[in-house]
>>> print(open('work00.pdb').read())   # PDB, C-alpha atoms
ATOM      1  CA  MET A   1      52.107  27.350  50.841
ATOM      2  CA  ALA A   2      48.932  27.397  48.713
ATOM      3  CA  ALA A   3      47.117  29.351  51.422
ATOM      4  CA  ILE A   4      49.789  32.020  51.328
ATOM      5  CA  GLY A   5      49.354  32.387  47.585
ATOM      6  CA  LEU A   6      45.642  32.837  48.113
ATOM      7  CA  LEU A   7      46.357  35.390  50.804
ATOM      8  CA  VAL A   8      48.516  37.527  48.573
ATOM      9  CA  ALA A   9      46.681  37.123  45.270
ATOM     10  CA  GLY A  10      43.303  35.582  46.031
ATOM     11  CA  CYS A  11      41.375  38.746  45.286
ATOM     12  CA  SER A  12      43.116  39.980  42.127
ATOM     13  CA  ASP A  13      41.181  40.560  38.932
ATOM     14  CA  SER A  14      40.230  37.578  36.801
ATOM     15  CA  GLU A  15      43.438  37.897  34.769
ATOM     16  CA  GLY A  16      45.560  38.398  37.909
ATOM     17  CA  ASN A  17      46.660  41.846  36.715
ATOM     18  CA  ALA A  18      46.721  45.194  38.442
ATOM     19  CA  SER A  19      46.319  48.258  36.300
ATOM     20  CA  PRO A  20      49.061  50.734  37.257
ATOM     21  CA  THR A  21      48.275  54.387  36.932
ATOM     22  CA  THR A  22      50.722  57.083  35.952
ATOM     23  CA  GLU A  23      48.471  60.058  36.645
ATOM     24  CA  PRO A  24      50.158  62.439  39.084
ATOM     25  CA  ALA A  25      48.238  63.340  42.207
ATOM     26  CA  PRO A  26      46.652  66.792  42.009
ATOM     27  CA  GLU A  27      48.546  69.464  43.911
ATOM     28  CA  PRO A  28      46.499  71.306  46.547
ATOM     29  CA  SER A  29      45.914  74.989  45.937
ATOM     30  CA  PRO A  30      46.169  77.556  48.724
ATOM     31  CA  THR A  31      42.353  77.680  48.877
ATOM     32  CA  THR A  32      41.941  73.894  49.146
ATOM     33  CA  THR A  33      40.314  72.739  52.358
ATOM     34  CA  THR A  34      40.835  69.318  53.785
ATOM     35  CA  GLU A  35      38.110  67.168  55.228
ATOM     36  CA  GLU A  36      38.691  64.882  58.172
ATOM     37  CA  THR A  37      38.528  61.230  57.130
ATOM     38  CA  THR A  38      37.912  58.122  59.179
ATOM     39  CA  SER A  39      40.687  56.143  57.502
ATOM     40  CA  PRO A  40      44.321  57.053  57.038
ATOM     41  CA  ALA A  41      45.619  58.386  53.749
ATOM     42  CA  PRO A  42      48.243  56.462  51.788
ATOM     43  CA  GLY A  43      51.921  56.956  52.358
ATOM     44  CA  PRO A  44      53.389  58.742  55.319
ATOM     45  CA  THR A  45      50.151  59.251  57.270
ATOM     46  CA  PRO A  46      50.252  56.896  60.266
ATOM     47  CA  TRP A  47      47.665  54.123  60.423
ATOM     48  CA  PRO A  48      46.317  53.711  63.970
ATOM     49  CA  GLU A  49      47.704  50.622  65.671
ATOM     50  CA  PRO A  50      44.901  48.236  66.658
ATOM     51  CA  THR A  51      44.261  48.192  70.383
ATOM     52  CA  ARG A  52      44.772  44.823  72.011
ATOM     53  CA  PRO A  53      41.396  43.855  73.539
ATOM     54  CA  GLU A  54      41.266  42.962  77.233
ATOM     55  CA  GLU A  55      39.380  39.761  76.353
ATOM     56  CA  MET A  56      42.627  38.385  74.886
ATOM     57  CA  GLU A  57      43.876  37.892  78.449
ATOM     58  CA  ARG A  58      41.258  35.191  78.968
ATOM     59  CA  ASP A  59      42.353  31.562  78.537
ATOM     60  CA  ASP A  60      39.010  30.374  77.164
ATOM     61  CA  ILE A  61      37.111  30.403  73.858
ATOM     62  CA  GLU A  62      36.211  34.088  74.236
ATOM     63  CA  GLY A  63      39.921  34.882  74.630
ATOM     64  CA  ALA A  64      40.798  32.895  71.502
ATOM     65  CA  GLU A  65      38.061  34.630  69.487
ATOM     66  CA  ALA A  66      39.272  38.055  70.656
ATOM     67  CA  ALA A  67      42.824  37.104  69.656
ATOM     68  CA  ALA A  68      41.713  35.979  66.178
ATOM     69  CA  ARG A  69      39.762  39.205  65.623
ATOM     70  CA  HIS A  70      42.759  41.256  66.772
ATOM     71  CA  PHE A  71      45.084  39.328  64.459
ATOM     72  CA  MET A  72      42.791  40.177  61.529
ATOM     73  CA  GLN A  73      42.934  43.877  62.476
ATOM     74  CA  LEU A  74      46.713  43.626  62.492
ATOM     75  CA  TYR A  75      46.664  42.257  58.943
ATOM     76  CA  ALA A  76      45.594  45.556  57.309
ATOM     77  CA  TYR A  77      47.777  47.476  59.771
ATOM     78  CA  ILE A  78      51.013  45.668  58.847
ATOM     79  CA  PHE A  79      50.453  46.284  55.133
ATOM     80  CA  ALA A  80      49.719  49.984  55.736
ATOM     81  CA  THR A  81      52.642  50.625  58.090
ATOM     82  CA  GLY A  82      55.260  47.891  57.762
ATOM     83  CA  ASP A  83      55.185  47.585  61.580
ATOM     84  CA  LEU A  84      55.429  43.848  62.298
ATOM     85  CA  GLU A  85      56.026  43.980  66.072
ATOM     86  CA  GLN A  86      52.561  42.877  67.265
ATOM     87  CA  TRP A  87      52.172  40.520  64.286
ATOM     88  CA  ALA A  88      55.444  38.772  65.151
ATOM     89  CA  SER A  89      54.578  38.582  68.854
ATOM     90  CA  MET A  90      51.354  36.716  68.011
ATOM     91  CA  SER A  91      52.871  34.471  65.305
ATOM     92  CA  ASP A  92      54.331  31.041  65.986
ATOM     93  CA  PRO A  93      57.695  30.680  64.224
ATOM     94  CA  GLU A  94      56.289  27.675  62.305
ATOM     95  CA  CYS A  95      53.147  29.490  61.068
ATOM     96  CA  ARG A  96      53.485  29.636  57.272
ATOM     97  CA  PHE A  97      50.506  31.972  56.886
ATOM     98  CA  CYS A  98      52.033  34.416  59.378
ATOM     99  CA  ALA A  99      55.492  34.222  57.806
ATOM    100  CA  GLY A 100      54.102  34.654  54.284
ATOM    101  CA  ALA A 101      52.301  37.873  55.207
ATOM    102  CA  ALA A 102      55.370  39.191  57.059
ATOM    103  CA  GLU A 103      57.635  38.406  54.093
ATOM    104  CA  ARG A 104      55.313  40.230  51.671
ATOM    105  CA  VAL A 105      55.213  43.273  53.966
ATOM    106  CA  GLU A 106      58.998  43.285  54.345
ATOM    107  CA  GLU A 107      59.428  43.042  50.555
ATOM    108  CA  LEU A 108      56.955  45.851  49.902
ATOM    109  CA  PHE A 109      58.434  48.213  52.503
ATOM    110  CA  SER A 110      62.092  47.411  51.752
ATOM    111  CA  ASP A 111      61.435  48.846  48.283
ATOM    112  CA  GLY A 112      59.796  51.952  49.803
ATOM    113  CA  GLY A 113      56.232  50.856  49.041
ATOM    114  CA  TYR A 114      53.104  50.670  51.145
ATOM    115  CA  ALA A 115      49.509  49.461  50.936
ATOM    116  CA  THR A 116      46.055  50.848  51.655
ATOM    117  CA  GLY A 117      42.694  49.239  52.399
ATOM    118  CA  GLY A 118      42.163  45.574  53.133
ATOM    119  CA  ALA A 119      40.291  45.982  56.415
ATOM    120  CA  PHE A 120      38.200  42.908  57.212
ATOM    121  CA  ASP A 121      34.628  43.214  58.526
ATOM    122  CA  VAL A 122      33.850  40.077  60.559
ATOM    123  CA  GLU A 123      30.262  38.935  60.051
ATOM    124  CA  GLU A 124      30.401  35.426  61.542
ATOM    125  CA  VAL A 125      32.684  33.564  63.952
ATOM    126  CA  GLU A 126      32.850  29.779  64.191
ATOM    127  CA  THR A 127      34.913  28.166  66.925
ATOM    128  CA  GLN A 128      36.038  24.603  67.419
ATOM    129  CA  GLU A 129      38.479  23.080  69.866
ATOM    130  CA  SER A 130      40.926  20.945  67.890
ATOM    131  CA  GLY A 131      41.158  18.107  70.387
ATOM    132  CA  ASP A 132      44.934  17.988  69.842
ATOM    133  CA  ALA A 133      47.314  17.667  72.746
ATOM    134  CA  ASP A 134      48.495  21.237  72.121
ATOM    135  CA  GLY A 135      45.028  22.535  73.076
ATOM    136  CA  ALA A 136      44.653  24.553  69.883
ATOM    137  CA  VAL A 137      41.408  26.338  69.137
ATOM    138  CA  LEU A 138      40.243  26.756  65.534
ATOM    139  CA  ILE A 139      38.587  30.087  64.784
ATOM    140  CA  ALA A 140      36.944  30.778  61.410
ATOM    141  CA  LEU A 141      36.210  34.452  60.718
ATOM    142  CA  THR A 142      33.842  34.939  57.803
ATOM    143  CA  GLY A 143      33.207  38.397  56.444
ATOM    144  CA  THR A 144      34.022  40.966  53.824
ATOM    145  CA  GLU A 145      37.479  42.241  53.006
ATOM    146  CA  ALA A 146      37.728  45.799  51.671
ATOM    147  CA  PRO A 147      39.539  46.387  48.380
ATOM    148  CA  SER A 148      43.241  47.095  48.785
ATOM    149  CA  LYS A 149      46.069  48.527  46.741
ATOM    150  CA  GLU A 150      49.834  48.303  46.931
ATOM    151  CA  TYR A 151      51.988  51.220  45.819
ATOM    152  CA  SER A 152      55.622  51.694  44.884
ATOM    153  CA  ARG A 153      57.849  54.236  46.605
ATOM    154  CA  ASP A 154      56.771  56.723  43.891
ATOM    155  CA  GLY A 155      53.078  56.239  44.654
ATOM    156  CA  ILE A 156      52.421  54.185  41.526
ATOM    157  CA  GLU A 157      49.860  51.431  41.992
ATOM    158  CA  ILE A 158      51.566  48.048  41.607
ATOM    159  CA  ARG A 159      48.771  45.710  42.715
ATOM    160  CA  ALA A 160      45.036  46.068  43.259
ATOM    161  CA  LEU A 161      42.944  43.455  45.040
ATOM    162  CA  GLU A 162      39.177  43.580  44.667
ATOM    163  CA  GLY A 163      38.308  42.420  48.161
ATOM    164  CA  GLY A 164      35.063  40.590  48.796
ATOM    165  CA  GLY A 165      33.761  37.741  50.888
ATOM    166  CA  ALA A 166      36.281  35.428  52.542
ATOM    167  CA  THR A 167      36.870  33.132  55.474
ATOM    168  CA  TYR A 168      40.107  33.344  57.429
ATOM    169  CA  THR A 169      40.729  30.310  59.637
ATOM    170  CA  PHE A 170      43.299  30.395  62.414
ATOM    171  CA  ALA A 171      44.584  27.759  64.807
ATOM    172  CA  LEU A 172      45.473  29.476  68.069
ATOM    173  CA  ALA A 173      47.210  28.123  71.140
ATOM    174  CA  ARG A 174      47.492  29.640  74.591
ATOM    175  CA  GLU A 175      51.043  30.114  75.815
ATOM    176  CA  ARG A 176      52.367  31.723  78.953
ATOM    177  CA  ASP A 177      52.410  35.196  77.375
ATOM    178  CA  GLY A 178      49.022  34.898  75.647
ATOM    179  CA  TRP A 179      47.439  33.600  72.455
ATOM    180  CA  ILE A 180      49.584  32.827  69.411
ATOM    181  CA  VAL A 181      48.591  31.886  65.876
ATOM    182  CA  ILE A 182      50.083  28.512  64.983
ATOM    183  CA  ASP A 183      48.488  28.172  61.540
ATOM    184  CA  GLY A 184      46.217  30.096  59.226
ATOM    185  CA  SER A 185      44.516  29.996  55.850
ATOM    186  CA  VAL A 186      42.134  32.049  53.740
ATOM    187  CA  GLU A 187      39.427  31.008  51.326
ATOM    188  CA  ALA A 188      37.553  33.400  49.077
ATOM    189  CA  ALA A 189      33.766  33.165  49.292
ATOM    190  CA  ASP A 190      33.555  31.820  45.749
ATOM    191  CA  GLY A 191      35.912  28.958  46.666
ATOM    192  CA  LEU A 192      38.981  30.288  44.840
TER
END
>>> encode(input="work00.pdb", output="structure tokens")
Amino acid sequence: MAAIGLLVAGCSDSEGNASPTTEPAPEPSPTTTTEETTSPAPGPTPWPEPTRPEEMERDDIEGAEAAARHFMQLYAYIFATGDLEQWASMSDPECRFCAGAAERVEELFSDGGYATGGAFDVEEVETQESGDADGAVLIALTGTEAPSKEYSRDGIEIRALEGGGATYTFALARERDGWIVIDGSVEAADGL
């Protein structure tokens, strides 16, 4: 359960507080032009669903690494959209990390909220076979997580996470339908 707490609050400010804003968003004028962005806007704009890589079909280390990378892409996606279908299909029912993230998303979206940011840029991958009878593979993804914010249904910021360096470690197992995450944890680069 400690890993889940780190997942949800590990990157908050040093006091653990978000600073809500009450400034209304500026209204566009008829002469306002919009620029195309590479990331979705908050709220109703759809966030592109991560594409499942073909390498995930492999039953070797490369397949496990592809699955872990894909799972990390799903992390920002579920917080932006509330769509837990792929997340649930890759999560073992006993995975506390997986369930903790899903519960937070369900809580946020049931109240009409949403989140932005939080994409994770993988810089290093370490892989180790667990040696357990279940054939699990441990994948550690080290990189940089982008800052993220959670908003209420009214668009008021309710939580801001700074982002930064972190390592996400997943235990994955190959089942008949593909790779599933059986356990997970996160550790901030500074050891928090």
>>> closest_residue(input="work00.pdb", among="A:Val181, A:Ala64, A:Leu172, A:Ile156", to="A:Trp87", atoms="only C-alpha atoms")
A:Val181
>>> residues_near_point(input="work00.pdb", point="(54.6, 47.8, 65.2)", cutoff="12 Å", atoms="all atoms listed in the file", output="ChimeraX atom specification")
/A:46-51,74-75,77-90,102
>>> atom_distance(input="work00.pdb", atom1="atom CA of A:Pro53", atom2="atom CA of A:His70")
7.4 Å
>>> resolve_selection(input="work00.pdb", expression="the PyMOL selection byres ((chain A and resi 65) around 10)", output="list in words")
Glu55, Met56, Asp60, Ile61, Glu62, Gly63, Ala64, Ala66, Ala67, Ala68, Arg69, His70, Phe71, Val125, Glu126, Thr127, Val137, Leu138, Ile139, Ala140, Leu141, Phe170, Leu172 and Trp179 of chain A
>>> closest_residue(input="work00.pdb", among="A:Ile182, A:Glu187, A:Glu124, A:Gly117", to="A:Glu94", atoms="only C-alpha atoms")
A:Ile182
>>> atom_distance(input="work00.pdb", atom1="atom CA of A:Pro147", atom2="atom CA of A:Leu161")
5.6 Å
>>> atom_distance(input="work00.pdb", atom1="atom CA of A:Ala76", atom2="atom CA of A:Gly118")
5.4 Å
>>> resolve_selection(input="work00.pdb", expression="the PyMOL selection byres ((chain A and resi 159) around 7)", output="mmCIF file with C-alpha atoms, in the frame of the given file")
data_model
loop_
_atom_site.group_PDB
_atom_site.id
_atom_site.type_symbol
_atom_site.label_atom_id
_atom_site.label_comp_id
_atom_site.auth_asym_id
_atom_site.auth_seq_id
_atom_site.Cartn_x
_atom_site.Cartn_y
_atom_site.Cartn_z
ATOM 1 C CA ALA A 18 46.721 45.194 38.442
ATOM 2 C CA LYS A 149 46.069 48.527 46.741
ATOM 3 C CA GLU A 150 49.834 48.303 46.931
ATOM 4 C CA GLU A 157 49.860 51.431 41.992
ATOM 5 C CA ILE A 158 51.566 48.048 41.607
ATOM 6 C CA ALA A 160 45.036 46.068 43.259
ATOM 7 C CA LEU A 161 42.944 43.455 45.040
#
>>> resolve_selection(input="work00.pdb", expression="the PyMOL selection byres ((chain A and resi 112) around 10)", output="ChimeraX atom specification")
/A:43,106-111,113-114,151-155
>>> closest_residue(input="work00.pdb", among="A:Asp59, A:Met72, A:Cys95, A:Glu123", to="A:Tyr168", atoms="only C-alpha atoms")
A:Met72
>>> decode(input="work00.pdb", residues="stretch 75-155 of chain A", atoms="C-alpha atoms", output="CSV table (one decimal), in the first residue's frame")
chain,number,residue,atom,x,y,z
A,75,TYR,CA,-0.9,5.5,-16.9
A,76,ALA,CA,-1.2,9.1,-18.2
A,77,TYR,CA,-4.0,8.0,-20.6
A,78,ILE,CA,-6.3,6.7,-17.8
A,79,PHE,CA,-5.9,9.8,-15.7
A,80,ALA,CA,-6.7,12.0,-18.8
A,81,THR,CA,-9.7,10.0,-20.0
A,82,GLY,CA,-11.0,7.8,-17.3
A,83,ASP,CA,-10.9,4.9,-19.8
A,84,LEU,CA,-9.7,1.9,-17.8
A,85,GLU,CA,-10.4,-0.9,-20.4
A,86,GLN,CA,-6.8,-1.5,-21.5
A,87,TRP,CA,-5.5,-0.9,-18.0
A,88,ALA,CA,-7.8,-3.5,-16.5
A,89,SER,CA,-7.0,-6.0,-19.3
A,90,MET,CA,-3.3,-5.8,-18.4
A,91,SER,CA,-3.8,-5.8,-14.6
A,92,ASP,CA,-3.8,-8.9,-12.4
A,93,PRO,CA,-6.7,-8.7,-10.0
A,94,GLU,CA,-4.2,-9.0,-7.1
A,95,CYS,CA,-2.0,-6.1,-8.3
A,96,ARG,CA,-2.3,-3.4,-5.6
A,97,PHE,CA,-0.4,-0.8,-7.7
A,98,CYS,CA,-2.9,-1.4,-10.6
A,99,ALA,CA,-5.9,-1.3,-8.4
A,100,GLY,CA,-4.7,1.8,-6.6
A,101,ALA,CA,-4.4,3.8,-9.8
A,102,ALA,CA,-7.7,2.5,-11.1
A,103,GLU,CA,-9.5,3.5,-7.8
A,104,ARG,CA,-8.0,7.0,-8.0
A,105,VAL,CA,-9.1,7.4,-11.6
A,106,GLU,CA,-12.6,6.2,-10.8
A,107,GLU,CA,-12.8,8.6,-7.8
A,108,LEU,CA,-11.6,11.6,-9.9
A,109,PHE,CA,-14.0,10.9,-12.8
A,110,SER,CA,-17.0,9.9,-10.7
A,111,ASP,CA,-16.9,13.5,-9.4
A,112,GLY,CA,-16.6,14.9,-13.0
A,113,GLY,CA,-12.9,15.6,-12.7
A,114,TYR,CA,-10.0,14.8,-15.0
A,115,ALA,CA,-6.2,15.1,-15.1
A,116,THR,CA,-3.6,16.4,-17.5
A,117,GLY,CA,0.2,15.7,-18.0
A,118,GLY,CA,2.0,12.9,-16.3
A,119,ALA,CA,3.5,11.4,-19.4
A,120,PHE,CA,6.6,9.3,-18.6
A,121,ASP,CA,9.8,9.5,-20.7
A,122,VAL,CA,11.7,6.2,-20.4
A,123,GLU,CA,15.4,6.8,-20.3
A,124,GLU,CA,16.6,3.4,-19.0
A,125,VAL,CA,15.2,-0.1,-18.9
A,126,GLU,CA,16.5,-2.8,-16.6
A,127,THR,CA,15.2,-6.4,-16.8
A,128,GLN,CA,15.5,-9.4,-14.6
A,129,GLU,CA,13.8,-12.7,-14.6
A,130,SER,CA,12.4,-13.4,-11.1
A,131,GLY,CA,13.3,-17.1,-11.0
A,132,ASP,CA,9.8,-17.7,-9.4
A,133,ALA,CA,7.7,-20.6,-10.6
A,134,ASP,CA,5.2,-18.1,-12.1
A,135,GLY,CA,7.9,-17.1,-14.6
A,136,ALA,CA,7.5,-13.4,-13.8
A,137,VAL,CA,9.9,-10.8,-15.4
A,138,LEU,CA,10.8,-7.7,-13.4
A,139,ILE,CA,11.1,-4.6,-15.5
A,140,ALA,CA,12.4,-1.3,-14.1
A,141,LEU,CA,11.7,1.8,-16.2
A,142,THR,CA,13.7,4.8,-15.1
A,143,GLY,CA,13.0,8.2,-16.6
A,144,THR,CA,11.3,11.5,-16.1
A,145,GLU,CA,7.7,12.1,-15.4
A,146,ALA,CA,6.1,15.3,-16.7
A,147,PRO,CA,4.3,17.5,-14.2
A,148,SER,CA,0.6,16.7,-13.9
A,149,LYS,CA,-2.6,18.4,-12.5
A,150,GLU,CA,-5.9,17.1,-11.4
A,151,TYR,CA,-9.0,19.3,-11.9
A,152,SER,CA,-12.6,19.3,-10.5
A,153,ARG,CA,-15.6,19.2,-12.7
A,154,ASP,CA,-15.5,23.0,-12.7
A,155,GLY,CA,-12.0,23.1,-14.0
